[in-house]
>>> print(open('target-v6.pdb').read())   # PDB, C-alpha atoms and all ligand atoms
ATOM      1  CA  MET A   1     152.605  -9.028 -64.296
ATOM      2  CA  LYS A   2     153.965 -11.833 -66.451
ATOM      3  CA  ILE A   3     153.666 -10.923 -70.145
ATOM      4  CA  LEU A   4     154.043 -13.610 -72.800
ATOM      5  CA  ILE A   5     155.188 -12.295 -76.192
ATOM      6  CA  LEU A   6     154.533 -14.699 -79.075
ATOM      7  CA  TYR A   7     155.948 -13.755 -82.445
ATOM      8  CA  ALA A   8     156.928 -14.938 -85.906
ATOM      9  CA  SER A   9     159.153 -13.137 -88.395
ATOM     10  CA  ILE A  10     160.310 -13.931 -91.919
ATOM     11  CA  GLU A  11     162.649 -11.051 -92.788
ATOM     12  CA  GLY A  12     163.498  -9.911 -89.251
ATOM     13  CA  GLN A  13     161.464  -6.739 -88.701
ATOM     14  CA  THR A  14     158.798  -8.387 -86.526
ATOM     15  CA  GLU A  15     161.535 -10.008 -84.461
ATOM     16  CA  LYS A  16     163.064  -6.545 -83.975
ATOM     17  CA  ILE A  17     159.607  -5.273 -82.948
ATOM     18  CA  ALA A  18     159.040  -8.205 -80.547
ATOM     19  CA  ARG A  19     162.443  -7.659 -78.904
ATOM     20  CA  HIS A  20     161.721  -3.934 -78.590
ATOM     21  CA  VAL A  21     158.356  -4.725 -76.960
ATOM     22  CA  ALA A  22     160.069  -7.161 -74.548
ATOM     23  CA  ARG A  23     162.474  -4.394 -73.471
ATOM     24  CA  GLU A  24     159.511  -2.037 -73.030
ATOM     25  CA  VAL A  25     157.685  -4.637 -70.882
ATOM     26  CA  ARG A  26     160.805  -5.117 -68.717
ATOM     27  CA  GLY A  27     161.376  -1.372 -68.527
ATOM     28  CA  THR A  28     157.926  -0.860 -67.034
ATOM     29  CA  GLY A  29     158.649  -3.372 -64.260
ATOM     30  CA  HIS A  30     156.939  -6.475 -65.670
ATOM     31  CA  GLU A  31     158.312  -9.921 -66.450
ATOM     32  CA  ASP A  32     158.589 -10.790 -70.165
ATOM     33  CA  VAL A  33     158.729 -14.200 -71.829
ATOM     34  CA  LEU A  34     159.577 -14.003 -75.534
ATOM     35  CA  VAL A  35     158.780 -17.035 -77.734
ATOM     36  CA  ASP A  36     159.232 -17.458 -81.493
ATOM     37  CA  ILE A  37     156.201 -19.505 -82.629
ATOM     38  CA  GLY A  38     156.946 -19.266 -86.346
ATOM     39  CA  GLY A  39     158.581 -22.699 -86.548
ATOM     40  CA  SER A  40     157.608 -26.101 -85.235
ATOM     41  CA  GLY A  41     158.763 -25.589 -81.647
ATOM     42  CA  PRO A  42     156.921 -26.782 -78.532
ATOM     43  CA  ARG A  43     153.568 -25.284 -77.558
ATOM     44  CA  PRO A  44     154.082 -22.130 -75.431
ATOM     45  CA  GLU A  45     153.480 -22.310 -71.665
ATOM     46  CA  PHE A  46     150.675 -20.152 -70.270
ATOM     47  CA  ASP A  47     151.095 -20.909 -66.522
ATOM     48  CA  GLY A  48     151.075 -17.670 -64.552
ATOM     49  CA  VAL A  49     150.773 -15.528 -67.697
ATOM     50  CA  ASP A  50     148.636 -12.415 -67.130
ATOM     51  CA  LYS A  51     148.574 -10.912 -70.632
ATOM     52  CA  VAL A  52     149.774 -11.924 -74.098
ATOM     53  CA  ILE A  53     151.226  -9.786 -76.894
ATOM     54  CA  LEU A  54     151.285 -11.418 -80.339
ATOM     55  CA  ALA A  55     153.281 -10.086 -83.293
ATOM     56  CA  ALA A  56     153.373 -11.384 -86.872
ATOM     57  CA  PRO A  57     154.167  -9.966 -90.307
ATOM     58  CA  VAL A  58     152.026 -10.076 -93.426
ATOM     59  CA  HIS A  59     153.558 -11.723 -96.496
ATOM     60  CA  GLU A  60     151.384 -12.092 -99.572
ATOM     61  CA  ARG A  61     148.238 -11.040 -97.746
ATOM     62  CA  ARG A  62     148.518 -13.321 -94.718
ATOM     63  CA  HIS A  63     150.337 -13.942 -91.475
ATOM     64  CA  PRO A  64     152.763 -16.910 -91.492
ATOM     65  CA  GLU A  65     151.061 -20.288 -91.455
ATOM     66  CA  GLY A  66     153.131 -21.578 -88.504
ATOM     67  CA  PHE A  67     152.052 -18.564 -86.448
ATOM     68  CA  GLU A  68     148.372 -19.124 -87.275
ATOM     69  CA  VAL A  69     148.597 -22.866 -86.513
ATOM     70  CA  CYS A  70     150.026 -22.121 -83.057
ATOM     71  CA  VAL A  71     147.449 -19.380 -82.401
ATOM     72  CA  ALA A  72     144.618 -21.741 -83.392
ATOM     73  CA  ALA A  73     146.014 -24.493 -81.144
ATOM     74  CA  CYS A  74     146.272 -22.073 -78.175
ATOM     75  CA  ARG A  75     143.023 -20.180 -78.714
ATOM     76  CA  LYS A  76     141.471 -21.323 -75.416
ATOM     77  CA  GLU A  77     144.476 -20.138 -73.377
ATOM     78  CA  LEU A  78     144.575 -16.894 -75.372
ATOM     79  CA  ALA A  79     140.858 -16.231 -74.931
ATOM     80  CA  ALA A  80     141.268 -16.525 -71.141
ATOM     81  CA  ARG A  81     143.567 -13.446 -70.993
ATOM     82  CA  PRO A  82     143.793  -9.916 -72.395
ATOM     83  CA  THR A  83     145.640 -10.095 -75.730
ATOM     84  CA  LEU A  84     147.191  -7.501 -78.031
ATOM     85  CA  MET A  85     147.850  -8.466 -81.661
ATOM     86  CA  LEU A  86     150.533  -6.489 -83.516
ATOM     87  CA  SER A  87     149.962  -7.096 -87.217
ATOM     88  CA  VAL A  88     153.061  -5.928 -89.107
ATOM     89  CA  SER A  89     152.584  -4.964 -92.757
ATOM     90  CA  MET A  90     153.458  -2.341 -95.328
ATOM     91  CA  ASN A  91     149.805  -1.414 -95.833
ATOM     92  CA  ALA A  92     149.800  -0.284 -92.202
ATOM     93  CA  ALA A  93     152.312   2.409 -93.177
ATOM     94  CA  PHE A  94     149.926   4.210 -95.541
ATOM     95  CA  ALA A  95     146.527   5.795 -94.822
ATOM     96  CA  GLU A  96     144.970   4.292 -97.947
ATOM     97  CA  GLY A  97     146.286   0.856 -96.961
ATOM     98  CA  ALA A  98     144.647   0.781 -93.511
ATOM     99  CA  GLU A  99     141.506  -1.033 -94.665
ATOM    100  CA  GLU A 100     143.512  -3.804 -96.338
ATOM    101  CA  ALA A 101     145.811  -4.045 -93.294
ATOM    102  CA  GLN A 102     142.707  -4.537 -91.132
ATOM    103  CA  ASP A 103     141.404  -7.222 -93.545
ATOM    104  CA  TYR A 104     144.559  -9.308 -92.923
ATOM    105  CA  VAL A 105     143.619  -9.458 -89.231
ATOM    106  CA  VAL A 106     139.960 -10.288 -89.924
ATOM    107  CA  GLU A 107     141.069 -13.124 -92.222
ATOM    108  CA  MET A 108     143.448 -14.411 -89.536
ATOM    109  CA  GLU A 109     140.591 -14.339 -87.001
ATOM    110  CA  MET A 110     138.396 -16.354 -89.364
ATOM    111  CA  ARG A 111     141.100 -18.963 -90.019
ATOM    112  CA  THR A 112     142.215 -19.392 -86.380
ATOM    113  CA  GLY A 113     138.980 -18.849 -84.445
ATOM    114  CA  PHE A 114     140.901 -16.423 -82.211
ATOM    115  CA  ARG A 115     139.876 -12.798 -81.776
ATOM    116  CA  PRO A 116     142.414 -10.629 -79.900
ATOM    117  CA  THR A 117     141.154  -8.186 -77.272
ATOM    118  CA  GLU A 118     143.084  -5.403 -79.010
ATOM    119  CA  VAL A 119     144.721  -5.020 -82.418
ATOM    120  CA  ALA A 120     147.404  -2.601 -83.593
ATOM    121  CA  LEU A 121     148.362  -2.286 -87.254
ATOM    122  CA  VAL A 122     152.130  -1.719 -87.230
ATOM    123  CA  ALA A 123     154.164  -0.524 -90.223
ATOM    124  CA  GLY A 124     157.033  -2.863 -91.128
ATOM    125  CA  ALA A 125     160.177  -2.415 -93.202
ATOM    126  CA  ILE A 126     161.416  -3.001 -96.723
ATOM    127  CA  ARG A 127     164.877  -4.580 -97.101
ATOM    128  CA  THR A 128     165.379  -4.808-100.859
ATOM    129  CA  HIS A 129     168.939  -6.152-100.712
ATOM    130  CA  HIS A 130     167.886  -9.153 -98.564
ATOM    131  CA  TYR A 131     165.154 -10.428-100.906
ATOM    132  CA  ASP A 132     165.423 -13.148-103.512
ATOM    133  CA  TYR A 133     164.269 -12.270-107.032
ATOM    134  CA  PHE A 134     160.634 -13.305-106.456
ATOM    135  CA  ALA A 135     160.262 -11.420-103.161
ATOM    136  CA  ALA A 136     161.887  -8.317-104.684
ATOM    137  CA  GLN A 137     159.392  -8.373-107.577
ATOM    138  CA  VAL A 138     156.400  -8.835-105.233
ATOM    139  CA  VAL A 139     157.495  -5.960-103.033
ATOM    140  CA  ARG A 140     158.268  -3.626-105.931
ATOM    141  CA  HIS A 141     155.285  -4.367-108.188
ATOM    142  CA  VAL A 142     152.560  -5.399-105.730
ATOM    143  CA  VAL A 143     153.217  -4.261-102.151
ATOM    144  CA  MET A 144     154.822  -0.876-102.916
ATOM    145  CA  ARG A 145     153.234  -0.203-106.315
ATOM    146  CA  GLY A 146     152.504   3.503-106.737
ATOM    147  CA  ARG A 147     153.952   4.365-103.348
ATOM    148  CA  ASP A 148     156.548   6.976-102.630
ATOM    149  CA  TYR A 149     159.810   5.143-101.906
ATOM    150  CA  ASP A 150     163.134   4.513-103.618
ATOM    151  CA  PRO A 151     163.274   0.835-104.711
ATOM    152  CA  ASP A 152     167.039   1.087-105.187
ATOM    153  CA  ALA A 153     167.660   2.170-101.600
ATOM    154  CA  GLY A 154     168.531  -0.933 -99.565
ATOM    155  CA  GLU A 155     166.377  -0.344 -96.531
ATOM    156  CA  HIS A 156     163.250   1.585 -95.554
ATOM    157  CA  GLU A 157     162.032   1.231 -91.986
ATOM    158  CA  PHE A 158     158.478   2.538 -91.609
ATOM    159  CA  THR A 159     157.875   1.305 -88.033
ATOM    160  CA  ASP A 160     156.778   4.154 -85.736
ATOM    161  CA  TRP A 161     158.552   3.144 -82.506
ATOM    162  CA  GLY A 162     156.966   5.946 -80.451
ATOM    163  CA  ALA A 163     153.431   4.922 -81.458
ATOM    164  CA  LEU A 164     154.289   1.280 -80.705
ATOM    165  CA  ASP A 165     155.497   2.189 -77.195
ATOM    166  CA  THR A 166     152.277   4.142 -76.547
ATOM    167  CA  THR A 167     150.156   1.165 -77.672
ATOM    168  CA  VAL A 168     152.076  -1.328 -75.524
ATOM    169  CA  LYS A 169     152.050   0.908 -72.426
ATOM    170  CA  ALA A 170     148.285   1.489 -72.761
ATOM    171  CA  PHE A 171     147.707  -2.283 -73.060
ATOM    172  CA  LEU A 172     149.857  -2.997 -69.988
ATOM    173  CA  ASN A 173     148.088  -0.314 -67.940
ATOM    174  CA  ARG A 174     144.523  -1.425 -68.715
TER     175      ARG A 174
HETATM  176  C1  LIG B 201     157.525 -11.237-100.327
HETATM  177  C2  LIG B 201     156.832 -10.192 -99.491
HETATM  178  C3  LIG B 201     155.441 -10.086 -99.529
HETATM  179  C4  LIG B 201     154.781  -9.104 -98.782
HETATM  180  N1  LIG B 201     153.415  -9.022 -98.850
HETATM  181  C5  LIG B 201     152.777  -8.025 -98.193
HETATM  182  C6  LIG B 201     151.357  -7.890 -98.316
HETATM  183  O1  LIG B 201     150.670  -8.685 -98.959
HETATM  184  N2  LIG B 201     150.782  -6.821 -97.699
HETATM  185  C7  LIG B 201     151.510  -5.922 -96.941
HETATM  186  O2  LIG B 201     150.917  -4.976 -96.424
HETATM  187  N3  LIG B 201     152.847  -6.059 -96.787
HETATM  188  C8  LIG B 201     153.492  -7.085 -97.378
HETATM  189  N4  LIG B 201     154.842  -7.223 -97.255
HETATM  190  C9  LIG B 201     155.591  -6.303 -96.378
HETATM  191  C10 LIG B 201     155.940  -6.981 -95.032
HETATM  192  O3  LIG B 201     154.781  -7.109 -94.244
HETATM  193  C11 LIG B 201     156.996  -6.130 -94.316
HETATM  194  O4  LIG B 201     158.169  -6.125 -95.107
HETATM  195  C12 LIG B 201     157.290  -6.625 -92.910
HETATM  196  O5  LIG B 201     158.178  -5.721 -92.290
HETATM  197  C13 LIG B 201     157.879  -8.027 -92.917
HETATM  198  O6  LIG B 201     158.102  -8.454 -91.591
HETATM  199  P1  LIG B 201     159.257  -9.501 -91.227
HETATM  200  O7  LIG B 201     160.570  -8.783 -91.533
HETATM  201  O8  LIG B 201     159.108  -9.759 -89.778
HETATM  202  O9  LIG B 201     159.046 -10.700 -92.066
HETATM  203  C14 LIG B 201     155.528  -8.204 -97.961
HETATM  204  C15 LIG B 201     156.927  -8.326 -97.922
HETATM  205  C16 LIG B 201     157.575  -9.304 -98.650
HETATM  206  C17 LIG B 201     159.074  -9.412 -98.588
END
>>> encode(input="target-v6.pdb", output="structure tokens", more="lines below")
Ligand SMILES: Cc1cc2nc3c(=O)[nH]c(=O)nc-3n(C[C@H](O)[C@H](O)[C@H](O)COP(=O)(O)O)c2cc1C
Amino acid sequence: MKILILYASIEGQTEKIARHVAREVRGTGHEDVLVDIGGSGPRPEFDGVDKVILAAPVHERRHPEGFEVCVAACRKELAARPTLMLSVSMNAAFAEGAEEAQDYVVEMEMRTGFRPTEVALVAGAIRTHHYDYFAAQVVRHVVMRGRDYDPDAGEHEFTDWGALDTTVKAFLNR
């Protein structure tokens, strides 16, 4: 099968996830086409594509605007194929955050008019040393408020790679 992987990433974790998924797709004998749709690049090609995996992070309660614009513009092509949306957020890393993580996807569906066949809520990463002052404050006092982590440690990766592989394999096998 030909699998199109459409992603956007602001701090790099979703790109890491998308590249990991592409390797997984290749490793299971399928063809992968990886496209960053976060910027203002050309519209992705859907010719011969059997399934689509989308991946985007949540920043300040929403997926990147460029990603949503592209998804909205391609919603007919997307609706014609099985699709798996990987929504990457910190709320996905915590049981009590699951409902809010799901809300981000519902809000994306309402804005774009696109409803993926399957959705996976994927935990992202915190990279304190890479953030500007504003982003560092948002992460510390809003996103991670009251949560068990060390804000002075440079990096916390919460992504469960094993669970991600299971989700992707199940989607490819359906
Ligand atoms: C400025 C900022 C705002 C964020 N806002 C949210 C949020 O509203 N909800 C959430 O669950 N995670 C939030 N996060 C966590 C990101 O979803 C997480 O860091 C993710 O791994 C980012 O993916 P990326 O590296 O591909 O951009 C935020 C992170 C940053 C830096």
>>> atom_distance(input="target-v6.pdb", atom1="atom CA of A:Glu157", atom2="atom CA of A:Ile126")
6.4 Å
>>> atom_distance(input="target-v6.pdb", atom1="atom CA of A:Gln102", atom2="atom CA of A:Val25")
25.2 Å
>>> closest_residue(input="target-v6.pdb", among="A:Arg43, A:His141, A:Arg62, A:Arg26", to="ligand LIG 201 (chain B)", atoms="only C-alpha atoms and all ligand atoms")
A:Arg62
>>> resolve_selection(input="target-v6.pdb", expression="the PyMOL selection byres (((not hetatm)) within 7 of (chain B and resi 201))", output="ChimeraX atom specification")
/A:8-15,56-62,88-92,101,123-126,131,135-136,138-139,143
>>> residues_around(input="target-v6.pdb", residues="A:Ile37", least_positions_apart="2", cutoff="9 Å", atoms="all atoms listed in the file", output="list in words")
Leu6, Tyr7, Ala8, Val35, Gly39, Ser40, Gly41, Pro42, Arg43, Pro44, Gly66, Phe67, Cys70 and Val71 of chain A
>>> residues_around(input="target-v6.pdb", residues="stretch 27-34 of chain A", least_positions_apart="6", cutoff="9 Å", atoms="all atoms listed in the file", output="compact mmCIF listing (two decimals) with C-alpha atoms, in the frame of the given file")
# COMPACT_ATOMS: atom_id res chain seq x y z
CA MET A 1 152.60 -9.03 -64.30
CA LYS A 2 153.96 -11.83 -66.45
CA ILE A 3 153.67 -10.92 -70.14
CA LEU A 4 154.04 -13.61 -72.80
CA ILE A 5 155.19 -12.30 -76.19
CA LEU A 6 154.53 -14.70 -79.08
CA TYR A 7 155.95 -13.76 -82.44
CA ALA A 18 159.04 -8.20 -80.55
CA ARG A 19 162.44 -7.66 -78.90
CA LYS A 169 152.05 0.91 -72.43
CA LEU A 172 149.86 -3.00 -69.99
>>> resolve_selection(input="target-v6.pdb", expression="the PyMOL selection byres (((chain A and resi 111) around 12) and not hetatm)", output="PyMOL selection string")
chain A and resi 62-65+67-73+75+104-110+112-115
>>> atom_distance(input="target-v6.pdb", atom1="atom CA of A:Asp165", atom2="atom CA of A:Asp47")
25.8 Å
>>> axis_aligned_box(input="target-v6.pdb", around="stretch 29-38 of chain A", padding_each_side="3 Å", output="lines of an AutoDock Vina configuration file")
center_x = 157.9
center_y = -11.4
center_z = -75.3
size_x = 9.4
size_y = 22.1
size_z = 28.1
>>> closest_residue(input="target-v6.pdb", among="A:Phe171, A:Tyr149, A:Tyr133, A:Phe46", to="A:Leu86", atoms="all atoms listed in the file")
A:Phe171
>>> closest_residue(input="target-v6.pdb", among="A:Glu45, A:Asp160, A:Glu99, A:Asp150", to="A:Val122", atoms="all atoms listed in the file")
A:Asp160
>>> closest_residue(input="target-v6.pdb", among="A:Gly154, A:Val168, A:Gln137, A:Asn173", to="A:Arg23", atoms="only C-alpha atoms")
A:Val168
>>> residues_near_point(input="target-v6.pdb", point="(151.8, -7.9, -81.6)", cutoff="7 Å", atoms="all atoms listed in the file", output="list in words")
Ile53, Leu54, Ala55, Ala56, Leu84, Met85, Leu86 and Ser87 of chain A
